[in-house]
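Structure file final-v4.txt (compact mmCIF, C-alpha atoms) follows.
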```txt
# COMPACT_ATOMS: atom_id res chain seq x y z
CA MET A 1 111.27 68.59 103.21
CA ARG A 2 110.70 69.69 99.63
CA GLN A 3 111.11 72.70 97.35
CA ALA A 4 109.36 74.58 94.55
CA SER A 5 110.33 77.36 92.15
CA THR A 6 108.86 79.61 89.50
CA ILE A 7 109.45 82.82 87.60
CA LEU A 8 106.97 85.65 88.19
CA ARG A 9 106.71 88.34 85.52
CA PHE A 10 105.76 91.99 85.99
CA ALA A 11 105.25 94.92 83.64
CA THR A 12 106.85 98.18 84.81
CA ASN A 13 106.68 101.70 83.48
CA SER A 14 109.21 104.45 84.27
CA PRO A 15 111.13 104.67 87.57
CA SER A 16 108.66 103.29 90.09
CA LEU A 17 108.04 100.86 92.93
CA THR A 18 105.61 98.03 92.20
CA ASP A 19 104.32 96.23 95.28
CA ILE A 20 104.60 92.52 94.45
CA THR A 21 103.86 91.19 97.95
CA SER A 22 100.48 89.69 97.09
CA GLU A 23 101.70 87.98 93.90
CA VAL A 24 104.56 86.40 95.84
CA ALA A 25 102.22 85.40 98.69
CA ASP A 26 99.79 83.82 96.20
CA TRP A 27 102.56 81.74 94.64
CA LEU A 28 103.84 80.72 98.07
CA GLU A 29 100.35 79.56 99.02
CA SER A 30 100.11 77.52 95.82
CA THR A 31 103.19 75.51 96.85
CA SER A 32 101.56 74.41 100.14
CA ILE A 33 104.93 74.86 101.88
CA THR A 34 104.01 76.46 105.19
CA GLU A 35 107.33 76.42 107.10
CA GLY A 36 110.54 77.23 105.31
CA LEU A 37 112.60 79.76 103.44
CA LEU A 38 111.55 81.90 100.48
CA THR A 39 114.09 83.47 98.11
CA LEU A 40 113.49 86.07 95.40
CA LEU A 41 115.95 87.12 92.69
CA CYS A 42 115.32 90.00 90.29
CA ARG A 43 116.97 88.81 87.07
CA HIS A 44 118.03 92.26 85.85
CA THR A 45 120.78 94.82 86.35
CA SER A 46 118.60 97.92 86.10
CA ALA A 47 115.74 96.85 88.38
CA SER A 48 115.90 95.66 91.99
CA LEU A 49 113.99 94.30 94.98
CA LEU A 50 113.37 96.21 98.17
CA ILE A 51 111.52 95.61 101.40
CA THR A 52 110.06 98.92 102.45
CA GLU A 53 107.07 100.68 103.96
CA ASN A 54 103.99 99.45 102.10
CA ALA A 55 101.33 101.93 103.15
CA SER A 56 102.39 105.38 102.02
CA PRO A 57 102.76 106.50 98.38
CA ALA A 58 104.75 109.48 99.71
CA VAL A 59 107.43 107.11 101.01
CA ARG A 60 107.77 105.61 97.53
CA ARG A 61 108.04 109.05 95.92
CA ASP A 62 110.64 110.21 98.48
CA LEU A 63 112.62 107.02 97.89
CA LEU A 64 112.72 107.55 94.12
CA ARG A 65 113.75 111.19 94.56
CA TRP A 66 116.49 110.13 96.97
CA LEU A 67 117.84 107.52 94.52
CA ASP A 68 117.82 110.25 91.88
CA GLY A 69 120.09 112.31 94.11
CA VAL A 70 122.46 109.55 95.27
CA ALA A 71 122.95 108.07 91.80
CA PRO A 72 122.13 111.02 89.56
CA ARG A 73 121.33 110.90 85.85
CA GLN A 74 123.94 113.54 85.14
CA GLY A 75 126.94 111.67 86.50
CA GLY A 76 129.46 112.04 83.68
CA TYR A 77 129.34 108.27 83.21
CA GLU A 78 131.60 106.45 80.76
CA HIS A 79 128.93 103.80 80.09
CA ASN A 80 126.15 105.46 78.14
CA ASP A 81 125.13 102.88 75.53
CA GLU A 82 121.42 102.97 76.19
CA GLY A 83 120.95 106.60 77.19
CA PRO A 84 121.30 108.80 80.28
CA ASP A 85 119.12 106.52 82.44
CA ASP A 86 121.33 103.46 81.74
CA MET A 87 124.27 103.75 84.14
CA PRO A 88 122.31 105.35 87.01
CA ALA A 89 119.92 102.37 86.75
CA HIS A 90 122.83 99.97 87.29
CA LEU A 91 124.00 102.01 90.29
CA ARG A 92 120.55 102.18 91.88
CA SER A 93 120.15 98.44 91.34
CA ALA A 94 123.52 97.83 93.06
CA LEU A 95 122.53 100.14 95.91
CA THR A 96 119.20 98.50 96.67
CA GLY A 97 120.09 94.91 95.74
CA VAL A 98 118.43 92.23 93.63
CA ASN A 99 117.77 89.43 96.07
CA LEU A 100 115.80 88.76 99.25
CA THR A 101 115.47 85.71 101.48
CA LEU A 102 112.59 85.48 103.94
CA PRO A 103 111.57 82.97 106.62
CA VAL A 104 108.11 81.48 106.13
CA ALA A 105 105.94 80.38 109.08
CA ALA A 106 102.29 79.28 109.21
CA GLY A 107 102.14 79.68 105.43
CA ARG A 108 103.12 83.34 105.46
CA MET A 109 106.29 85.33 104.86
CA MET A 110 107.55 86.61 108.21
CA LEU A 111 107.36 90.26 107.10
CA GLY A 112 106.62 92.91 109.71
CA THR A 113 103.31 94.74 109.78
CA TRP A 114 104.49 97.64 107.65
CA GLN A 115 106.82 95.77 105.33
CA GLY A 116 106.05 95.10 101.69
CA ILE A 117 108.16 93.75 98.83
CA SER A 118 108.68 96.17 95.97
CA LEU A 119 110.08 95.59 92.52
CA VAL A 120 111.93 98.81 91.75
CA GLU A 121 112.18 99.88 88.11
CA HIS A 122 115.14 102.19 87.42
CA ARG A 123 114.76 102.67 83.63
CA ASP A 124 112.56 105.24 81.88
CA ALA A 125 110.94 102.91 79.32
CA PRO A 126 108.34 100.19 80.03
CA HIS A 127 109.92 96.81 80.76
CA ARG A 128 108.93 93.21 81.40
CA ARG A 129 110.76 92.09 84.55
CA GLU A 130 111.34 88.58 85.86
CA VAL A 131 111.60 87.58 89.52
CA ALA A 132 112.89 84.05 90.16
CA CYS A 133 111.18 82.55 93.24
CA HIS A 134 112.26 79.54 95.28
CA VAL A 135 110.92 78.02 98.47
CA ILE A 136 112.32 75.16 100.50
CA GLY A 137 110.66 73.70 103.57
CA ALA A 138 107.77 71.53 104.67
CA MET B 1 117.34 67.62 107.22
CA ARG B 2 115.20 69.78 109.47
CA GLN B 3 114.50 73.43 110.31
CA ALA B 4 113.82 75.72 113.24
CA SER B 5 112.70 79.32 113.64
CA THR B 6 112.17 81.99 116.28
CA ILE B 7 111.79 85.72 116.79
CA LEU B 8 114.53 87.47 118.76
CA ARG B 9 113.67 90.81 120.37
CA PHE B 10 116.01 93.70 121.09
CA ALA B 11 115.61 97.08 122.76
CA THR B 12 117.28 99.97 120.90
CA ASN B 13 117.81 103.58 121.81
CA SER B 14 118.56 106.37 119.30
CA PRO B 15 120.48 105.81 116.05
CA SER B 16 122.94 103.07 116.96
CA LEU B 17 124.42 99.72 116.04
CA THR B 18 123.63 96.85 118.44
CA ASP B 19 125.85 93.81 118.03
CA ILE B 20 123.47 90.83 118.06
CA THR B 21 126.00 88.18 116.98
CA SER B 22 126.10 86.36 120.30
CA GLU B 23 122.31 86.27 120.71
CA VAL B 24 121.97 84.79 117.22
CA ALA B 25 124.79 82.31 117.88
CA ASP B 26 123.15 81.23 121.14
CA TRP B 27 119.85 80.56 119.41
CA LEU B 28 121.60 78.69 116.60
CA GLU B 29 123.33 76.48 119.16
CA SER B 30 120.00 75.77 120.85
CA THR B 31 118.65 74.29 117.59
CA SER B 32 121.49 71.71 117.40
CA ILE B 33 121.66 72.27 113.63
CA THR B 34 125.37 72.30 112.89
CA GLU B 35 125.50 72.33 109.06
CA GLY B 36 123.05 74.49 107.15
CA LEU B 37 121.76 77.92 106.31
CA LEU B 38 120.78 80.68 108.73
CA THR B 39 118.49 83.55 107.69
CA LEU B 40 117.70 86.74 109.60
CA LEU B 41 114.97 89.25 108.78
CA CYS B 42 114.56 92.58 110.58
CA ARG B 43 110.79 93.07 110.65
CA HIS B 44 110.84 96.87 110.42
CA THR B 45 111.20 99.63 107.85
CA SER B 46 113.26 102.00 109.99
CA ALA B 47 115.82 99.55 111.36
CA SER B 48 118.11 97.20 109.45
CA LEU B 49 120.71 94.43 109.63
CA LEU B 50 124.35 94.85 108.72
CA ILE B 51 127.44 92.70 108.76
CA THR B 52 130.33 94.96 109.66
CA GLU B 53 133.54 95.30 111.63
CA ASN B 54 132.81 94.15 115.17
CA ALA B 55 135.85 95.36 117.06
CA SER B 56 135.97 99.14 116.79
CA PRO B 57 133.40 101.57 118.23
CA ALA B 58 134.93 104.23 115.97
CA VAL B 59 133.80 102.26 112.91
CA ARG B 60 130.25 102.25 114.23
CA ARG B 61 130.33 106.00 114.89
CA ASP B 62 131.77 106.72 111.42
CA LEU B 63 129.10 104.52 109.86
CA LEU B 64 126.28 106.39 111.60
CA ARG B 65 127.77 109.76 110.61
CA TRP B 66 128.08 108.56 107.02
CA LEU B 67 124.43 107.42 106.93
CA ASP B 68 123.51 110.84 108.30
CA GLY B 69 125.24 112.41 105.31
CA VAL B 70 123.96 110.06 102.59
CA ALA B 71 120.35 110.11 103.77
CA PRO B 72 120.17 113.41 105.67
CA ARG B 73 117.51 114.44 108.14
CA GLN B 74 116.96 117.69 106.29
CA GLY B 75 115.97 116.21 102.93
CA GLY B 76 112.82 118.17 102.12
CA TYR B 77 110.88 114.91 102.29
CA GLU B 78 107.20 114.69 101.42
CA HIS B 79 106.64 111.93 103.99
CA ASN B 80 106.97 113.47 107.42
CA ASP B 81 104.19 111.86 109.49
CA GLU B 82 106.33 110.83 112.43
CA GLY B 83 108.89 113.64 112.49
CA PRO B 84 112.16 114.58 110.78
CA ASP B 85 113.81 111.21 111.58
CA ASP B 86 111.02 109.24 109.87
CA MET B 87 111.81 109.31 106.16
CA PRO B 88 115.63 109.24 106.55
CA ALA B 89 115.13 106.10 108.68
CA HIS B 90 113.30 104.41 105.78
CA LEU B 91 116.09 105.43 103.38
CA ARG B 92 118.87 104.20 105.65
CA SER B 93 117.02 100.94 106.13
CA ALA B 94 116.70 100.54 102.34
CA LEU B 95 120.39 101.35 101.91
CA THR B 96 121.69 98.82 104.40
CA GLY B 97 119.02 96.14 103.95
CA VAL B 98 116.88 94.10 106.33
CA ASN B 99 117.89 90.53 105.63
CA LEU B 100 120.96 88.31 105.82
CA THR B 101 121.58 84.66 104.94
CA LEU B 102 124.66 82.90 106.27
CA PRO B 103 126.14 79.42 105.81
CA VAL B 104 126.57 77.44 109.01
CA ALA B 105 129.36 74.87 109.48
CA ALA B 106 130.52 72.98 112.57
CA GLY B 107 127.75 74.67 114.53
CA ARG B 108 128.93 78.20 113.77
CA MET B 109 127.99 80.95 111.34
CA MET B 110 130.68 81.18 108.68
CA LEU B 111 131.44 84.83 109.49
CA GLY B 112 134.97 86.11 108.98
CA THR B 113 137.22 86.95 111.91
CA TRP B 114 136.26 90.63 111.98
CA GLN B 115 132.62 90.31 111.00
CA GLY B 116 129.75 90.86 113.41
CA ILE B 117 126.00 91.18 112.88
CA SER B 118 124.54 94.52 113.86
CA LEU B 119 120.96 95.58 114.28
CA VAL B 120 120.94 99.19 113.15
CA GLU B 121 118.39 101.54 114.71
CA HIS B 122 117.61 104.56 112.52
CA ARG B 123 114.96 106.28 114.68
CA ASP B 124 115.58 108.73 117.54
CA ALA B 125 113.22 107.19 120.11
CA PRO B 126 113.71 103.87 121.95
CA HIS B 127 112.16 100.92 120.11
CA ARG B 128 111.52 97.21 120.55
CA ARG B 129 112.79 95.48 117.40
CA GLU B 130 112.09 91.97 116.15
CA VAL B 131 114.46 89.80 114.13
CA ALA B 132 112.92 86.68 112.59
CA CYS B 133 115.43 83.82 112.55
CA HIS B 134 115.32 80.61 110.53
CA VAL B 135 117.77 77.78 110.11
CA ILE B 136 117.58 74.76 107.82
CA GLY B 137 120.09 71.95 107.75
CA ALA B 138 121.25 68.94 109.69
CA MET C 1 117.58 66.71 99.95
CA ARG C 2 121.21 67.33 100.81
CA GLN C 3 123.75 70.15 101.15
CA ALA C 4 127.36 71.01 100.41
CA SER C 5 129.70 73.85 101.32
CA THR C 6 133.17 75.17 100.60
CA ILE C 7 135.34 78.25 100.81
CA LEU C 8 136.51 79.76 97.52
CA ARG C 9 139.60 81.97 97.62
CA PHE C 10 140.44 84.87 95.30
CA ALA C 11 143.39 87.22 94.96
CA THR C 12 142.47 90.87 94.49
CA ASN C 13 144.53 93.93 93.73
CA SER C 14 143.39 97.53 94.33
CA PRO C 15 139.75 98.66 94.21
CA SER C 16 138.27 96.44 91.51
CA LEU C 17 135.48 94.10 90.55
CA THR C 18 136.47 90.46 89.99
CA ASP C 19 133.90 88.38 88.14
CA ILE C 20 133.64 85.13 90.12
CA THR C 21 130.57 83.72 88.33
CA SER C 22 132.39 80.90 86.58
CA GLU C 23 134.28 79.78 89.72
CA VAL C 24 131.01 79.64 91.64
CA ALA C 25 129.27 77.81 88.77
CA ASP C 26 132.11 75.27 88.61
CA TRP C 27 131.82 74.54 92.31
CA LEU C 28 128.03 74.28 92.07
CA GLU C 29 128.40 71.76 89.23
CA SER C 30 130.85 69.72 91.33
CA THR C 31 128.18 69.26 94.03
CA SER C 32 125.72 67.66 91.56
CA ILE C 33 122.88 69.58 93.23
CA THR C 34 120.73 70.74 90.33
CA GLU C 35 117.65 72.20 92.07
CA GLY C 36 118.06 74.25 95.18
CA LEU C 37 119.42 77.36 96.82
CA LEU C 38 122.96 78.73 96.64
CA THR C 39 124.32 81.17 99.23
CA LEU C 40 127.55 83.17 99.10
CA LEU C 41 129.13 85.10 101.98
CA CYS C 42 132.18 87.34 101.59
CA ARG C 43 134.03 86.88 104.89
CA HIS C 44 135.46 90.40 105.06
CA THR C 45 134.44 93.91 106.07
CA SER C 46 136.32 95.75 103.32
CA ALA C 47 135.27 93.64 100.34
CA SER C 48 131.77 92.75 99.16
CA LEU C 49 129.63 90.79 96.71
CA LEU C 50 127.54 92.36 93.98
CA ILE C 51 125.34 91.11 91.17
CA THR C 52 125.83 93.50 88.29
CA GLU C 53 126.18 93.85 84.54
CA ASN C 54 128.82 91.35 83.43
CA ALA C 55 129.58 92.47 79.91
CA SER C 56 130.95 96.01 80.04
CA PRO C 57 134.23 97.08 81.68
CA ALA C 58 132.94 100.65 81.53
CA VAL C 59 130.12 99.72 83.92
CA ARG C 60 132.67 98.39 86.39
CA ARG C 61 134.76 101.56 86.13
CA ASP C 62 131.70 103.80 86.57
CA LEU C 63 130.64 101.76 89.58
CA LEU C 64 134.02 102.16 91.28
CA ARG C 65 134.06 105.91 90.56
CA TRP C 66 130.54 106.20 91.98
CA LEU C 67 131.52 104.36 95.18
CA ASP C 68 134.47 106.71 95.44
CA GLY C 69 132.05 109.63 95.42
CA VAL C 70 129.39 108.21 97.77
CA ALA C 71 131.88 106.97 100.37
CA PRO C 72 134.88 109.21 99.72
CA ARG C 73 138.43 108.63 100.90
CA GLN C 74 138.56 112.11 102.39
CA GLY C 75 135.67 111.77 104.82
CA GLY C 76 137.19 113.08 108.04
CA TYR C 77 136.75 109.62 109.54
CA GLU C 78 137.51 108.88 113.16
CA HIS C 79 138.61 105.31 112.34
CA ASN C 80 141.87 105.54 110.44
CA ASP C 81 143.99 102.69 111.82
CA GLU C 82 145.00 101.18 108.51
CA GLY C 83 145.18 104.29 106.34
CA PRO C 84 142.84 106.52 104.33
CA ASP C 85 141.33 103.60 102.38
CA ASP C 86 140.29 101.77 105.57
CA MET C 87 137.02 103.38 106.68
CA PRO C 88 135.70 104.08 103.14
CA ALA C 89 136.24 100.37 102.45
CA HIS C 90 133.97 99.46 105.39
CA LEU C 91 131.33 101.91 104.14
CA ARG C 92 131.44 100.62 100.55
CA SER C 93 131.20 97.07 101.85
CA ALA C 94 128.13 98.01 103.93
CA LEU C 95 126.59 99.78 100.94
CA THR C 96 126.93 96.89 98.51
CA GLY C 97 126.54 93.99 100.98
CA VAL C 98 128.45 90.80 101.65
CA ASN C 99 125.94 88.08 100.98
CA LEU C 100 123.83 86.72 98.11
CA THR C 101 121.30 83.89 97.89
CA LEU C 102 120.30 82.54 94.48
CA PRO C 103 117.81 79.93 93.31
CA VAL C 104 119.34 77.06 91.32
CA ALA C 105 117.43 75.23 88.56
CA ALA C 106 118.59 72.68 86.00
CA GLY C 107 122.06 72.84 87.54
CA ARG C 108 122.47 76.58 86.99
CA MET C 109 122.12 79.72 89.07
CA MET C 110 118.95 81.54 87.99
CA LEU C 111 120.86 84.70 87.06
CA GLY C 112 119.50 86.85 84.25
CA THR C 113 121.28 87.07 80.91
CA TRP C 114 123.32 90.13 81.83
CA GLN C 115 123.93 89.36 85.47
CA GLY C 116 127.30 88.31 86.84
CA ILE C 117 128.59 87.92 90.40
CA SER C 118 131.43 90.23 91.32
CA LEU C 119 133.74 90.20 94.30
CA VAL C 120 134.40 93.87 94.98
CA GLU C 121 137.73 94.81 96.53
CA HIS C 122 137.62 98.15 98.38
CA ARG C 123 141.20 98.30 99.72
CA ASP C 124 144.27 99.59 97.88
CA ALA C 125 146.64 96.72 98.66
CA PRO C 126 146.49 93.18 97.25
CA HIS C 127 144.39 90.83 99.39
CA ARG C 128 143.40 87.19 99.61
CA ARG C 129 139.61 87.06 99.95
CA GLU C 130 137.40 84.20 101.06
CA VAL C 131 133.86 83.53 99.87
CA ALA C 132 131.93 80.92 101.88
CA CYS C 133 129.61 78.93 99.59
CA HIS C 134 126.67 76.76 100.55
CA VAL C 135 124.08 74.90 98.50
CA ILE C 136 121.03 72.99 99.68
CA GLY C 137 118.71 71.06 97.42
CA ALA C 138 118.46 67.89 95.37
```
Give the structure from the file, written as structure tokens.
Amino acid sequence: MRQASTILRFATNSPSLTDITSEVADWLESTSITEGLLTLLCRHTSASLLITENASPAVRRDLLRWLDGVAPRQGGYEHNDEGPDDMPAHLRSALTGVNLTLPVAAGRMMLGTWQGISLVEHRDAPHRREVACHVIGA
Amino acid sequence: MRQASTILRFATNSPSLTDITSEVADWLESTSITEGLLTLLCRHTSASLLITENASPAVRRDLLRWLDGVAPRQGGYEHNDEGPDDMPAHLRSALTGVNLTLPVAAGRMMLGTWQGISLVEHRDAPHRREVACHVIGA
Amino acid sequence: MRQASTILRFATNSPSLTDITSEVADWLESTSITEGLLTLLCRHTSASLLITENASPAVRRDLLRWLDGVAPRQGGYEHNDEGPDDMPAHLRSALTGVNLTLPVAAGRMMLGTWQGISLVEHRDAPHRREVACHVIGA
């Protein structure tokens, strides 16, 4: 039994979903751990991680529009230090969550056929985002 | 230290919560790992996993009605390939999440007295759902 | 490779966010596990765990007001056994989630600079809350 960890970095641009499944899978493969447990942590409070449908761009657009409705920009927020996209970004991050833990078998994450891992950017401006990755197993 | 994994399968029928706590506990017991970490991953994008109150059917009905309000069927969604319950199912799955990780002690999941694990079906039609299970420990 | 676990207890009072990052970090340090995986489980159905911005009280107030809007007290709920704050507490707990899993490196949780771990109380009355903690690693 052993473990490995790294930080993967991604550039984002405006509210969007970035599919990071292949980058995570590549790192997992590099560790040569084929049976175990993989954990991802988005190290930010205005971006998040989400497992969702990976095939349809329309699903991603609907998801962003829905987040815009549930945690709207015009919310009369007290916290407004960094502009009108600041507090809704924290709310959308809380709603979708920043960490994921996935079983690994035969060298692959046990995702379903239609599941992909997305890094969700909730701010308007381009950002560099960090995802801490850890795997334990054999 | 060792690990074990499996896929549990459940039949669902219309939007509903299925309590899967005992099936998961039975599998955990079969592994003979008594101290460790248990991870569950629902391998779908229109079903999810939720830890919630396990005693009251009224709580489950209120929860489903609430999801119906927060991610409504009539949402003017762009993605509509599989009918009006398609996109709201993805949203409700994103909202509630598809994975759980639980400490195990003395052979049992460390759930609180009133906590149960539910598989939440968000589609109208009957489905076969898979939950990937992994445990690591001693 | 080894593991450790405990239950941390916190007193809460009315809907609020309690920053528990330092208590968790202190326990982690006491285990002497410096590389590994830390898991937290809130053992309740009307309180939850959230990674969010740890610096601004205004963010915490906005978050509580937002939860109050998304899962309102006046929701016409069927389940009302323990008063009007009962069912919305279950919904807010489901929305924010009760478990977190975090990579550990160099003896510290791999949280980002602005991230803190909050125990979120959703009930009106004071409560004693339990958080089950588990770490595996070396």
Sorted per-residue table, chain A near chain C, closest atoms and distance, 7 Å, only C-alpha atoms, as a Markdown table:
```
| residue | atom | partner | partner_atom | distance |
| --- | --- | --- | --- | --- |
| A:Leu41 | CA | C:Leu102 | CA | 6.6 |
| A:Arg43 | CA | C:Gly112 | CA | 4.3 |
| A:His44 | CA | C:Gly112 | CA | 5.8 |
| A:Thr45 | CA | C:Thr52 | CA | 5.6 |
| A:Tyr77 | CA | C:Asp62 | CA | 6.1 |
| A:Glu78 | CA | C:Ala58 | CA | 6.0 |
| A:His79 | CA | C:Ala58 | CA | 5.3 |
| A:Leu91 | CA | C:Leu63 | CA | 6.7 |
| A:Ala94 | CA | C:Thr96 | CA | 6.5 |
| A:Leu95 | CA | C:Thr96 | CA | 6.1 |
| A:Asn99 | CA | C:Thr101 | CA | 6.8 |
| A:Ala132 | CA | C:Met110 | CA | 6.9 |
| A:His134 | CA | C:Pro103 | CA | 5.9 |
```
Report as a count of residues only all protein, DNA and RNA residues lying within 8 Å of Leu8 of chain C, evaluated on all atoms listed in the file, omitting residues in the same chain fewer than 3 positions from it. 4
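Our summary of the geometry notes that atom CA of Arg92 of chain B is positioned 18.6 Å from atom CA of Ser16 of chain A.
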What is the atom CA of Leu17 of chain A to atom CA of Ser46 of chain B distance in Å?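 These two atoms are separated by 17.9 Å.
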If we count all atoms listed in the file, what is near Ala11 of chain C at a cut-off of 12 Å, once residues fewer than 3 positions away on the same chain are taken out, given as a ChimeraX atom specification? /C:8,14,16-20,47,119-121,125-131
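The interatomic distance for the pair atom CA of Arg2 of chain A and atom CA of Val24 of chain B works out to 25.8 Å.
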Kindly provide, as JSON, the centre and edge lengths (Å, one decimal) of an axis-aligned box around all atoms of segment 71-77 of chain A given in the file, with 4 Å on each side.
```
{"center_x": 125.4, "center_y": 110.8, "center_z": 87.5, "size_x": 16.1, "size_y": 13.5, "size_z": 16.6}
```
List as a PyMOL selection string the protein and nucleic acid residues near Val135 of chain B, meaning an atom at most 8 Å away when all atoms listed in the file are counted, but skip any in the same chain fewer than 3 places from it. chain B and resi 3-5+28+33+36-39
Restricting the calculation to only C-alpha atoms: of B:Leu64, B:Gly107, B:Thr34, B:Ala71, which residue gets closest to Pro84 of chain B?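 Closest to Pro84 of chain B, using only C-alpha atoms: B:Ala71.
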